[in-house]
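Q: Data: entry05.txt, compact mmCIF, C-alpha atoms.
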# COMPACT_ATOMS: atom_id res chain seq x y z
CA MET H 1 6.70 66.24 30.55
CA ASN H 2 4.75 67.90 33.35
CA VAL H 3 7.17 66.53 35.94
CA TYR H 4 10.00 68.13 33.98
CA ASP H 5 8.11 71.41 33.54
CA SER H 6 7.32 71.55 37.25
CA ALA H 7 10.99 71.18 38.13
CA ARG H 8 11.87 74.00 35.74
CA MET H 9 9.15 76.24 37.23
CA ALA H 10 10.81 75.74 40.60
CA ASP H 11 14.11 76.84 39.03
CA VAL H 12 12.49 79.97 37.59
CA LEU H 13 10.89 80.86 40.93
CA ALA H 14 13.99 80.22 43.07
CA PRO H 15 15.52 83.71 42.53
CA LEU H 16 12.27 85.19 43.90
CA GLY H 17 12.81 83.31 47.16
CA TYR H 18 10.39 80.44 46.52
CA ARG H 19 11.31 76.85 47.33
CA PRO H 20 9.21 73.66 47.05
CA VAL H 21 7.24 72.51 50.10
CA ASP H 22 5.50 69.22 50.79
CA GLN H 23 2.02 70.51 51.65
CA PRO H 24 -0.08 73.38 50.26
CA ASP H 25 -1.69 74.35 53.60
CA ASP H 26 0.49 77.40 54.33
CA ALA H 27 2.21 77.80 50.96
CA ASP H 28 2.79 81.26 49.51
CA MET H 29 2.10 79.88 46.03
CA VAL H 30 0.35 76.79 44.71
CA ILE H 31 0.67 75.88 41.02
CA LEU H 32 -1.50 73.16 39.52
CA ASN H 33 0.44 71.88 36.52
CA THR H 34 -2.20 70.20 34.44
CA CYS H 35 -2.97 67.74 31.64
CA HIS H 36 -5.81 68.11 29.14
CA ILE H 37 -5.65 64.70 27.45
CA ARG H 38 -8.77 63.37 29.18
CA GLU H 39 -11.89 65.05 30.53
CA LYS H 40 -11.48 63.50 33.97
CA ALA H 41 -8.16 65.30 34.45
CA THR H 42 -9.77 68.65 33.64
CA GLU H 43 -12.55 68.15 36.15
CA LYS H 44 -10.01 67.19 38.80
CA VAL H 45 -8.42 70.61 38.33
CA PHE H 46 -11.61 72.44 39.28
CA SER H 47 -12.25 70.06 42.18
CA GLU H 48 -8.75 70.75 43.52
CA LEU H 49 -9.19 74.50 43.02
CA GLY H 50 -12.25 74.38 45.28
CA ARG H 51 -10.19 72.77 48.03
CA LEU H 52 -7.34 75.24 47.58
CA ARG H 53 -9.74 78.18 47.74
CA THR H 54 -10.44 77.28 51.37
CA LEU H 55 -6.71 77.29 52.16
CA LYS H 56 -6.30 80.60 50.36
CA VAL H 57 -9.08 82.19 52.44
CA GLN H 58 -7.65 80.77 55.67
CA LYS H 59 -4.21 82.16 54.90
CA ALA H 60 -5.70 85.59 54.12
CA ALA H 61 -7.45 85.53 57.51
CA ARG H 62 -4.04 85.05 59.12
CA GLY H 63 -2.73 88.09 57.28
CA GLY H 64 -0.91 86.19 54.55
CA ARG H 65 -1.40 85.67 50.83
CA MET H 66 -1.49 82.53 48.72
CA VAL H 67 -0.93 82.97 44.98
CA LEU H 68 -3.00 80.35 43.19
CA ALA H 69 -2.02 79.40 39.63
CA VAL H 70 -3.18 76.97 36.94
CA ALA H 71 -0.42 75.98 34.52
CA GLY H 72 -0.03 73.45 31.75
CA CYS H 73 -2.42 72.25 29.09
CA VAL H 74 -5.69 72.88 30.95
CA GLY H 75 -4.52 76.44 31.50
CA GLN H 76 -3.74 76.72 27.79
CA ALA H 77 -7.03 75.19 26.65
CA GLU H 78 -9.46 76.72 29.14
CA GLY H 79 -7.72 80.09 29.50
CA ALA H 80 -10.08 82.86 30.55
CA GLY H 81 -12.73 80.26 31.32
CA ILE H 82 -10.77 79.30 34.44
CA LEU H 83 -10.75 82.87 35.71
CA ALA H 84 -14.48 83.14 35.01
CA ARG H 85 -15.32 79.87 36.75
CA ALA H 86 -12.79 80.32 39.58
CA PRO H 87 -12.18 84.10 39.96
CA TYR H 88 -10.01 83.53 43.03
CA VAL H 89 -7.29 82.08 40.77
CA ASP H 90 -4.44 84.58 40.39
CA LEU H 91 -2.53 83.17 37.38
CA VAL H 92 -3.39 81.10 34.33
CA PHE H 93 -0.61 80.26 31.89
CA GLY H 94 0.25 77.58 29.34
CA PRO H 95 3.22 75.24 28.97
CA GLN H 96 5.09 77.60 26.65
CA THR H 97 5.11 80.66 28.93
CA PHE H 98 6.19 79.49 32.38
CA HIS H 99 9.59 81.13 31.82
CA ARG H 100 7.69 84.41 32.36
CA LEU H 101 6.65 83.44 35.90
CA PRO H 102 8.56 86.24 37.69
CA GLU H 103 6.73 88.85 35.58
CA LEU H 104 3.39 87.06 35.98
CA VAL H 105 3.77 86.86 39.77
CA ALA H 106 4.45 90.60 39.91
CA ARG H 107 1.39 91.34 37.77
CA ALA H 108 -0.83 89.03 39.84
CA ALA H 109 -0.92 91.60 42.65
CA GLY H 110 -3.41 93.53 40.54
CA GLY H 111 -5.83 90.67 39.83
CA GLY H 112 -6.19 87.60 37.63
CA VAL H 113 -3.44 87.30 35.01
CA LEU H 114 -3.75 85.26 31.82
CA ASP H 115 -0.85 84.29 29.54
CA THR H 116 -1.66 81.59 27.00
CA GLU H 117 0.29 82.92 24.04
CA PHE H 118 2.57 80.86 21.84
CA PRO H 119 5.61 83.16 21.97
CA ALA H 120 7.95 83.33 19.00
CA GLU H 121 10.94 82.76 21.26
CA SER H 122 11.63 79.36 22.82
CA LYS H 123 11.11 79.19 26.57
CA PHE H 124 14.30 77.11 26.82
CA ASP H 125 16.32 80.18 25.84
CA PHE H 126 15.11 81.95 29.01
CA LEU H 127 15.29 79.18 31.61
CA PRO H 128 18.11 79.33 34.16
CA GLU H 129 21.07 77.08 33.47
CA GLU H 130 21.62 76.00 37.03
CA GLN H 131 18.71 73.86 38.03
CA ALA H 132 17.86 71.88 41.13
CA GLY H 133 18.93 68.26 40.89
CA GLN H 134 16.20 65.81 39.91
CA GLY H 135 17.89 62.87 41.58
CA LEU H 136 19.24 59.65 40.13
CA SER H 137 16.63 59.38 37.38
CA ALA H 138 16.09 62.67 35.57
CA PHE H 139 13.91 63.95 32.75
CA LEU H 140 15.25 66.11 29.94
CA ALA H 141 12.91 67.70 27.39
CA VAL H 142 14.41 67.62 23.90
CA GLN H 143 11.28 68.14 21.79
CA GLU H 144 7.88 69.69 22.31
CA GLY H 145 4.65 70.03 20.41
CA CYS H 146 3.13 67.97 17.64
CA ASP H 147 2.41 68.33 13.92
CA LYS H 148 0.59 65.00 13.57
CA PHE H 149 -2.94 66.21 14.44
CA CYS H 150 -4.44 62.90 15.48
CA THR H 151 -8.17 63.55 15.49
CA PHE H 152 -8.60 62.63 19.18
CA CYS H 153 -5.70 64.68 20.55
CA VAL H 154 -5.42 68.20 21.98
CA VAL H 155 -1.61 68.34 22.08
CA PRO H 156 -1.14 70.38 18.87
CA TYR H 157 -3.53 72.98 20.28
CA THR H 158 -2.06 73.11 23.81
CA ARG H 159 1.66 72.45 23.23
CA GLY H 160 1.88 73.98 19.75
CA ALA H 161 3.92 73.03 16.71
CA GLU H 162 6.85 70.62 16.86
CA PHE H 163 10.05 72.21 18.14
CA SER H 164 13.44 70.53 18.55
CA ARG H 165 16.05 71.94 20.91
CA PRO H 166 19.65 72.26 19.62
CA ALA H 167 21.89 69.30 20.41
CA GLY H 168 24.43 71.51 22.16
CA ALA H 169 21.83 72.82 24.63
CA ILE H 170 20.64 69.29 25.35
CA LEU H 171 24.15 68.00 25.99
CA ALA H 172 24.88 70.96 28.28
CA GLU H 173 21.73 70.30 30.31
CA ALA H 174 22.56 66.59 30.50
CA ARG H 175 25.99 67.43 31.92
CA ARG H 176 24.37 69.60 34.59
CA LEU H 177 21.95 66.80 35.47
CA ILE H 178 24.84 64.34 35.81
CA ARG H 179 26.73 66.79 38.04
CA GLY H 180 23.54 66.99 40.12
CA GLY H 181 23.53 63.22 40.62
CA ALA H 182 21.60 61.85 37.63
CA ARG H 183 22.69 58.41 36.48
CA GLU H 184 19.70 57.75 34.23
CA ILE H 185 18.19 60.32 31.85
CA THR H 186 14.88 59.99 30.02
CA LEU H 187 14.59 62.17 26.92
CA LEU H 188 11.13 63.69 26.60
CA GLY H 189 8.95 64.89 23.76
CA GLN H 190 5.37 64.63 22.58
CA ASN H 191 6.95 63.06 19.49
CA VAL H 192 10.43 62.53 20.85
CA ASN H 193 11.68 60.49 17.89
CA ALA H 194 10.70 63.33 15.55
CA TRP H 195 13.54 65.30 17.14
CA HIS H 196 15.87 66.83 14.56
CA GLY H 197 17.97 69.45 16.27
CA GLU H 198 20.85 71.64 15.26
CA ALA H 199 24.03 69.57 15.42
CA ALA H 200 26.49 70.12 18.26
CA GLY H 201 29.96 71.50 17.61
CA GLY H 202 29.09 74.38 15.28
CA GLY H 203 29.58 72.39 12.09
CA GLY H 204 26.09 73.05 10.79
CA GLY H 205 23.47 70.51 9.81
CA SER H 206 21.17 68.59 12.09
CA TRP H 207 21.08 65.35 14.05
CA GLY H 208 18.35 62.80 14.54
CA LEU H 209 17.51 61.21 17.87
CA GLY H 210 19.76 58.19 17.25
CA ARG H 211 22.78 60.45 16.77
CA LEU H 212 21.89 62.47 19.88
CA ILE H 213 21.65 59.29 21.94
CA ARG H 214 25.12 58.24 20.81
CA ALA H 215 26.52 61.62 21.88
CA LEU H 216 24.79 61.48 25.26
CA ALA H 217 26.09 57.96 25.85
CA GLU H 218 29.64 59.36 25.75
CA LEU H 219 29.02 61.58 28.80
CA GLU H 220 30.99 60.36 31.79
CA GLY H 221 28.86 59.22 34.71
CA LEU H 222 25.68 58.51 32.70
CA LEU H 223 24.69 54.86 33.07
CA ARG H 224 21.30 54.69 31.37
CA LEU H 225 19.28 56.41 28.64
CA ARG H 226 15.60 56.17 27.78
CA TYR H 227 13.20 58.19 25.61
CA THR H 228 9.45 58.73 25.41
CA THR H 229 6.98 59.14 23.70
CA SER H 230 7.56 57.85 20.18
CA HIS H 231 5.43 57.85 17.04
CA PRO H 232 5.69 54.74 14.83
CA GLY H 233 6.14 56.89 11.73
CA ASP H 234 9.30 58.51 13.13
CA MET H 235 11.08 55.31 14.15
CA ASP H 236 14.01 55.37 11.70
CA ASP H 237 16.94 52.97 11.25
CA GLU H 238 19.42 55.30 12.95
CA LEU H 239 17.38 55.20 16.13
CA MET H 240 16.53 51.51 15.91
CA SER H 241 20.17 50.54 15.35
CA ALA H 242 21.17 52.51 18.46
CA HIS H 243 19.28 49.92 20.51
CA GLY H 244 21.69 47.27 19.29
CA GLU H 245 24.84 49.37 19.50
CA VAL H 246 24.58 51.74 22.51
CA PRO H 247 24.84 49.85 25.83
CA GLN H 248 23.47 52.81 27.82
CA LEU H 249 20.23 52.83 25.79
CA MET H 250 17.76 50.63 27.63
CA PRO H 251 15.90 47.84 25.77
CA PHE H 252 12.46 49.28 26.43
CA VAL H 253 10.43 51.39 23.99
CA HIS H 254 7.07 53.05 24.50
CA LEU H 255 5.52 52.95 21.02
CA PRO H 256 1.82 53.88 20.99
CA VAL H 257 -0.37 52.19 18.38
CA GLN H 258 -3.85 53.19 19.70
CA SER H 259 -5.76 50.60 17.60
CA GLY H 260 -5.19 47.47 15.54
CA SER H 261 -7.82 48.40 12.96
CA ASP H 262 -6.65 50.18 9.81
CA ARG H 263 -10.08 51.76 9.46
CA ILE H 264 -9.93 53.25 12.94
CA LEU H 265 -6.27 54.26 12.54
CA ALA H 266 -7.27 56.21 9.42
CA ALA H 267 -10.14 57.88 11.29
CA MET H 268 -7.64 58.78 14.03
CA ASN H 269 -5.25 60.24 11.40
CA ARG H 270 -2.46 58.14 12.87
CA ARG H 271 -0.60 58.02 9.51
CA HIS H 272 0.29 54.35 9.82
CA ARG H 273 -1.41 51.02 9.33
CA ALA H 274 -1.33 48.05 11.67
CA ASP H 275 1.11 46.25 9.37
CA ASP H 276 3.42 49.30 9.37
CA TYR H 277 3.50 49.15 13.15
CA LEU H 278 4.17 45.41 13.23
CA ARG H 279 7.02 45.75 10.71
CA ARG H 280 8.68 48.42 12.86
CA VAL H 281 8.32 46.23 15.94
CA GLY H 282 9.91 43.35 14.05
CA ARG H 283 12.77 45.54 12.86
CA LEU H 284 13.40 46.88 16.37
CA ARG H 285 13.62 43.35 17.68
CA ARG H 286 16.09 42.40 14.96
CA PHE H 287 18.38 45.13 16.27
CA ARG H 288 17.76 44.13 19.91
CA ALA H 289 16.24 40.69 20.40
CA ASP H 290 15.30 41.19 24.06
CA LEU H 291 13.66 44.59 23.49
CA ALA H 292 10.43 45.09 25.45
CA LEU H 293 7.55 47.26 24.34
CA SER H 294 4.79 49.28 25.93
CA SER H 295 1.99 51.07 24.13
CA ASP H 296 -1.13 53.20 24.36
CA PHE H 297 -4.59 51.99 23.35
CA ILE H 298 -7.89 53.81 22.93
CA VAL H 299 -11.07 51.73 22.93
CA GLY H 300 -14.46 52.97 21.84
CA PHE H 301 -13.22 55.51 19.30
CA PRO H 302 -16.18 56.83 17.26
CA GLY H 303 -17.27 54.20 14.75
CA GLU H 304 -15.32 51.34 16.35
CA THR H 305 -17.12 48.04 15.78
CA ASP H 306 -16.66 44.69 17.47
CA ALA H 307 -14.59 43.64 14.44
CA ASP H 308 -12.33 46.69 14.82
CA PHE H 309 -11.85 45.94 18.49
CA ALA H 310 -11.05 42.30 17.69
CA LEU H 311 -8.24 43.52 15.40
CA THR H 312 -6.78 45.48 18.32
CA VAL H 313 -6.80 42.37 20.51
CA ASP H 314 -5.17 40.42 17.67
CA LEU H 315 -2.38 43.02 17.38
CA VAL H 316 -1.79 42.78 21.13
CA GLU H 317 -1.42 39.02 20.78
CA GLN H 318 1.08 39.41 17.92
CA VAL H 319 3.29 41.96 19.66
CA GLY H 320 3.28 40.83 23.29
CA TYR H 321 3.66 43.85 25.58
CA ALA H 322 5.65 44.23 28.78
CA GLN H 323 3.43 47.15 29.83
CA ALA H 324 0.60 49.15 28.30
CA TYR H 325 -1.76 52.03 28.98
CA SER H 326 -5.35 51.66 27.82
CA PHE H 327 -8.23 54.12 28.02
CA LYS H 328 -11.79 54.66 26.93
CA TYR H 329 -12.10 57.29 24.23
CA SER H 330 -12.75 60.68 25.80
CA ALA H 331 -14.08 63.40 23.49
CA ARG H 332 -12.00 66.56 23.83
CA PRO H 333 -13.64 69.86 22.84
CA GLY H 334 -12.26 71.31 19.63
CA THR H 335 -10.85 68.04 18.28
CA PRO H 336 -12.24 66.58 15.01
CA ALA H 337 -13.13 63.24 16.62
CA ALA H 338 -15.53 64.95 19.02
CA GLU H 339 -17.74 65.79 16.03
CA LEU H 340 -17.69 62.35 14.40
CA ASP H 341 -20.80 60.22 14.06
CA GLY H 342 -20.93 56.80 15.64
CA GLN H 343 -20.00 57.71 19.21
CA VAL H 344 -19.73 54.43 21.12
CA PRO H 345 -21.97 53.91 24.21
CA GLU H 346 -20.14 54.03 27.53
CA ALA H 347 -21.28 50.51 28.45
CA VAL H 348 -19.66 49.14 25.30
CA LYS H 349 -16.47 51.09 26.01
CA ASP H 350 -16.41 49.66 29.54
CA GLN H 351 -16.78 46.11 28.27
CA ARG H 352 -14.06 46.46 25.63
CA LEU H 353 -11.67 48.15 28.03
CA ALA H 354 -12.10 45.37 30.58
CA LEU H 355 -11.40 42.72 27.94
CA LEU H 356 -8.33 44.53 26.62
CA GLN H 357 -6.90 45.24 30.06
CA GLU H 358 -7.36 41.62 31.07
CA ARG H 359 -5.22 40.57 28.11
CA LEU H 360 -2.62 43.29 28.65
CA ASN H 361 -2.36 42.48 32.37
CA HIS H 362 -1.87 38.81 31.51
CA GLN H 363 0.98 39.72 29.15
CA GLN H 364 2.60 41.98 31.73
CA LEU H 365 2.52 39.26 34.37
CA ALA H 366 3.89 36.71 31.89
CA PHE H 367 6.72 39.08 30.98
CA ASN H 368 7.57 39.54 34.67
CA GLU H 369 7.39 35.80 35.35
CA ALA H 370 9.81 35.13 32.49
CA ALA H 371 12.42 37.13 34.43
CA VAL H 372 12.42 34.72 37.39
CA GLY H 373 15.79 32.96 37.59
CA THR H 374 17.57 35.48 35.38
CA VAL H 375 20.23 37.98 36.44
CA MET H 376 19.77 41.58 35.39
CA PRO H 377 21.32 44.96 36.25
CA VAL H 378 19.14 47.04 38.56
CA LEU H 379 19.67 50.74 39.22
CA PHE H 380 18.61 51.38 42.81
CA ASP H 381 17.05 54.78 43.36
CA ARG H 382 15.31 54.77 46.76
CA PRO H 383 14.65 52.79 49.92
CA GLY H 384 11.77 50.33 49.93
CA ARG H 385 8.93 50.23 52.42
CA ARG H 386 10.47 47.50 54.56
CA PRO H 387 13.65 47.74 56.68
CA GLY H 388 16.76 46.88 54.69
CA GLN H 389 14.87 46.94 51.39
CA MET H 390 15.83 48.94 48.32
CA LEU H 391 13.83 49.67 45.19
CA GLY H 392 15.22 50.04 41.71
CA ARG H 393 14.42 49.60 38.02
CA SER H 394 15.38 46.87 35.61
CA PRO H 395 16.44 47.73 32.07
CA PHE H 396 12.83 46.95 31.09
CA MET H 397 11.32 49.52 33.49
CA GLN H 398 10.17 46.90 35.99
CA ALA H 399 10.23 47.89 39.65
CA VAL H 400 12.61 45.55 41.52
CA HIS H 401 12.65 45.07 45.31
CA VAL H 402 15.79 43.68 46.96
CA THR H 403 16.27 43.03 50.67
CA GLY H 404 19.71 42.69 52.23
CA GLY H 405 23.16 43.69 51.05
CA ASP H 406 24.89 47.03 50.73
CA HIS H 407 23.02 48.64 47.85
CA ARG H 408 22.68 52.37 48.31
CA PRO H 409 20.78 54.75 45.98
CA GLY H 410 22.90 55.20 42.89
CA THR H 411 24.12 51.62 42.93
CA LEU H 412 23.89 49.60 39.72
CA ALA H 413 23.85 45.98 40.84
CA GLU H 414 23.43 42.56 39.26
CA VAL H 415 20.29 41.05 40.77
CA ARG H 416 19.00 37.50 40.50
CA ILE H 417 15.20 37.65 40.18
CA THR H 418 13.46 35.32 42.63
CA ALA H 419 9.79 36.24 42.32
CA ALA H 420 7.40 38.05 39.97
CA HIS H 421 4.29 40.04 40.75
CA PRO H 422 1.84 41.86 38.45
CA ASN H 423 3.64 45.20 38.83
CA SER H 424 7.07 44.37 40.23
CA LEU H 425 9.88 41.87 40.71
CA ALA H 426 11.75 40.67 43.79
CA GLY H 427 15.35 39.50 43.87
CA ARG H 428 18.63 39.21 45.68
CA LEU H 429 22.09 40.52 44.88
CA ALA H 430 23.87 38.12 42.55
CA GLY H 431 27.32 38.74 44.06
CA ALA H 432 27.80 41.53 46.56
CA ASP H 433 31.51 40.77 47.15
CA ALA H 434 32.81 42.44 43.97
CA ALA H 435 32.36 46.09 43.14
CA VAL H 436 33.54 48.43 40.47
CA ALA H 437 33.11 52.18 40.91
CA ALA H 438 31.70 54.23 38.05
CA GLU H 439 33.27 57.65 37.66
CA GLY H 440 31.20 60.72 38.60
CA ASP H 441 31.73 64.48 38.71
CA ALA H 442 30.40 66.39 41.69
CA LEU H 443 28.89 63.50 43.68
CA PRO H 444 30.32 60.14 44.77
CA ALA H 445 30.13 57.78 41.83
CA PRO H 446 27.51 55.03 41.85
CA GLU H 447 28.79 51.56 42.50
CA VAL H 448 28.49 48.81 39.91
CA ILE H 449 28.26 45.50 41.73
CA ALA H 450 29.00 42.41 39.67
Before we go any further, please render this structure as structure tokens.

A:
Amino acid sequence: MNVYDSARMADVLAPLGYRPVDQPDDADMVILNTCHIREKATEKVFSELGRLRTLKVQKAARGGRMVLAVAGCVGQAEGAGILARAPYVDLVFGPQTFHRLPELVARAAGGGVLDTEFPAESKFDFLPEEQAGQGLSAFLAVQEGCDKFCTFCVVPYTRGAEFSRPAGAILAEARRLIRGGAREITLLGQNVNAWHGEAAGGGGGSWGLGRLIRALAELEGLLRLRYTTSHPGDMDDELMSAHGEVPQLMPFVHLPVQSGSDRILAAMNRRHRADDYLRRVGRLRRFRADLALSSDFIVGFPGETDADFALTVDLVEQVGYAQAYSFKYSARPGTPAAELDGQVPEAVKDQRLALLQERLNHQQLAFNEAAVGTVMPVLFDRPGRRPGQMLGRSPFMQAVHVTGGDHRPGTLAEVRITAAHPNSLAGRLAGADAAVAAEGDALPAPEVIA
């Protein structure tokens, strides 16, 4: 979501004459777009601000000015505390107000500016329609905020209540992304499968995410669709059936479970039990047998016992993950879990995390190794590190390296997998002598090599 927001900030700033640069050393503006999910991320913000302060002073000595801003969820959560701790910061604003950047930049000439409101109007109504292309793989925010209030999570307090964009606005933005070169679009939301937006076409009513995906799949030039992040409780049949019926929808779902213990899930206010999660996984795989899953796990949540942790490991064994993200519980100020009794010692968290990651890494490697000898479509998006090498993604989000052959960025090619590594695959083109062009709008269409 922050990658998407950063791209849209660049769009908002473009009419003021700003354009992205690669290094902050002589920039006229530096925006730190931040995450507040874990304490370590917050501390990194202040560490980076200290480094940027030196650059700001150096530019002032040369007669210039660097506007220094903190955006995103740390800006929303810390607010005036950032200006107090780092008074050289010019702007602090949250994820719902970056559409006001031109006004904020103008006001910053008079000193530190703070804007962490939750405005009644949607920022999407004020963002420019013409945006800079994101490249072959683009993000598109369809939903923001969260009404779930998991006890460990700051998102409801930093992103606000759940909001779903109208289907017509999403389809219009998708068309612009495709004209800008996008061949794969990932739909974004804190609870993306909770999306229920106003139906397209002016007929009234609303759509769910499954219906939106079907409409997006009809757009000419779009080869692939993904979505993230999902909540198990919002995974309905309309969405699950789309995995078996929409070829453009990739067979990979990020479905966070957090724990395999019903007791801990209840303390987290996750609103599902372990069996509920396993039933949804089973139903997804009935719609799409080869569907791969990733997930999020928190170890060391307050009150977690060895038996609770063992249930998490057992769930991992039952599901079998292609990828996963796992973290030690990090108490976030203002969340209910931060006040719970039974905080787990760091040494115990470290031990449990190491055990869980060892199992998850083993599953990821096994999933990659199972691909060796198969042929799968790979969407190439950039050159690799070695001469003649290209890098792309499999339908299951694996990085795939291929050397040799005419496979430019934007090419969708059938690749025979020859080797597996912990975090990637290697392969060769399955048949580079046949090609079928996929239609595009403004840019040359990507090639589909059979």

Q: Atom CA of H:Cys146 and atom CA of H:Ala77 are how many Å apart?

A: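 Straight-line distance from atom CA of H:Cys146 to atom CA of H:Ala77 works out to 15.4 Å.
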
Q: Please write as a list in words the list of polymer residues whose atoms come within 8 Å of (21.2, 68.0, 36.6), counting all atoms listed in the file and keeping to the coordinates of the file.

A: Gln131, Ala132, Gly133, Gln134, Gly135, Ala138, Glu173, Ala174, Arg175, Arg176, Leu177, Ile178, Arg179, Gly180, Gly181 and Ala182 of chain H

Q: May I ask for the distance between atom CA of H:Cys150 and atom CA of H:Glu317, given in Å to one decimal place?

A: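 Separation between atom CA of H:Cys150 and atom CA of H:Glu317: 24.6 Å.
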
Q: Between H:Tyr157, H:Trp207, H:Trp195, H:Phe301, which has the minimum distance to H:Leu265 (counting all atoms listed in the file)?

A: H:Phe301

Q: Distance cut-off 12 Å, centre (-21.2, 49.5, 12.4) in file coordinates, counting all atoms listed in the file: which residues qualify? Return them as a list of chain:residue names.

A: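 The residues that fall inside the cut-off are H:Arg263, H:Ile264, H:Pro302, H:Gly303, H:Glu304, H:Thr305, H:Asp306, H:Ala307, H:Asp308, H:Phe309, H:Asp341, H:Gly342, H:Gln343, H:Val344.
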
Q: Just give me the gap between atom CA of H:Arg382 and atom CA of H:Pro409 in Å, one decimal is fine.

A: 5.5 Å

Q: Measuring atom to atom with only C-alpha atoms, identify which of H:Pro232, H:Pro156, H:Pro166, H:Pro333 is nearest to H:Ser295.

A: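 Among the listed residues, the smallest separation from H:Ser295 belongs to H:Pro232.
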
Q: Compile the contact shell of H:Ile298 as number ranges by chain: residues with an atom at most 6 Å away, counting all atoms listed in the file, same-chain residues fewer than 4 positions apart removed.

A: H: 258, 326-329

Q: Considering all atoms listed in the file, return as a PyMOL selection string whatever protein or nucleic-acid residues lie within 10 Å of stretch 51-59 of chain H, sequence-local ones (same chain, fewer than 4 positions apart) excluded.

A: chain H and resi 24-30+46-47+63-68+86+88-89

Q: Let me see the file: selected residues, C-alpha atoms, as a PDB file, in the frame of the given file.

A:
ATOM      1  CA  PRO H  24      -0.080  73.380  50.260  1.00  0.00           C
ATOM      2  CA  ASP H  25      -1.690  74.350  53.600  1.00  0.00           C
ATOM      3  CA  ASP H  26       0.490  77.400  54.330  1.00  0.00           C
ATOM      4  CA  ALA H  27       2.210  77.800  50.960  1.00  0.00           C
ATOM      5  CA  ASP H  28       2.790  81.260  49.510  1.00  0.00           C
ATOM      6  CA  MET H  29       2.100  79.880  46.030  1.00  0.00           C
ATOM      7  CA  VAL H  30       0.350  76.790  44.710  1.00  0.00           C
ATOM      8  CA  PHE H  46     -11.610  72.440  39.280  1.00  0.00           C
ATOM      9  CA  SER H  47     -12.250  70.060  42.180  1.00  0.00           C
ATOM     10  CA  GLY H  63      -2.730  88.090  57.280  1.00  0.00           C
ATOM     11  CA  GLY H  64      -0.910  86.190  54.550  1.00  0.00           C
ATOM     12  CA  ARG H  65      -1.400  85.670  50.830  1.00  0.00           C
ATOM     13  CA  MET H  66      -1.490  82.530  48.720  1.00  0.00           C
ATOM     14  CA  VAL H  67      -0.930  82.970  44.980  1.00  0.00           C
ATOM     15  CA  LEU H  68      -3.000  80.350  43.190  1.00  0.00           C
ATOM     16  CA  ALA H  86     -12.790  80.320  39.580  1.00  0.00           C
ATOM     17  CA  TYR H  88     -10.010  83.530  43.030  1.00  0.00           C
ATOM     18  CA  VAL H  89      -7.290  82.080  40.770  1.00  0.00           C
TER      19      VAL H  89
END
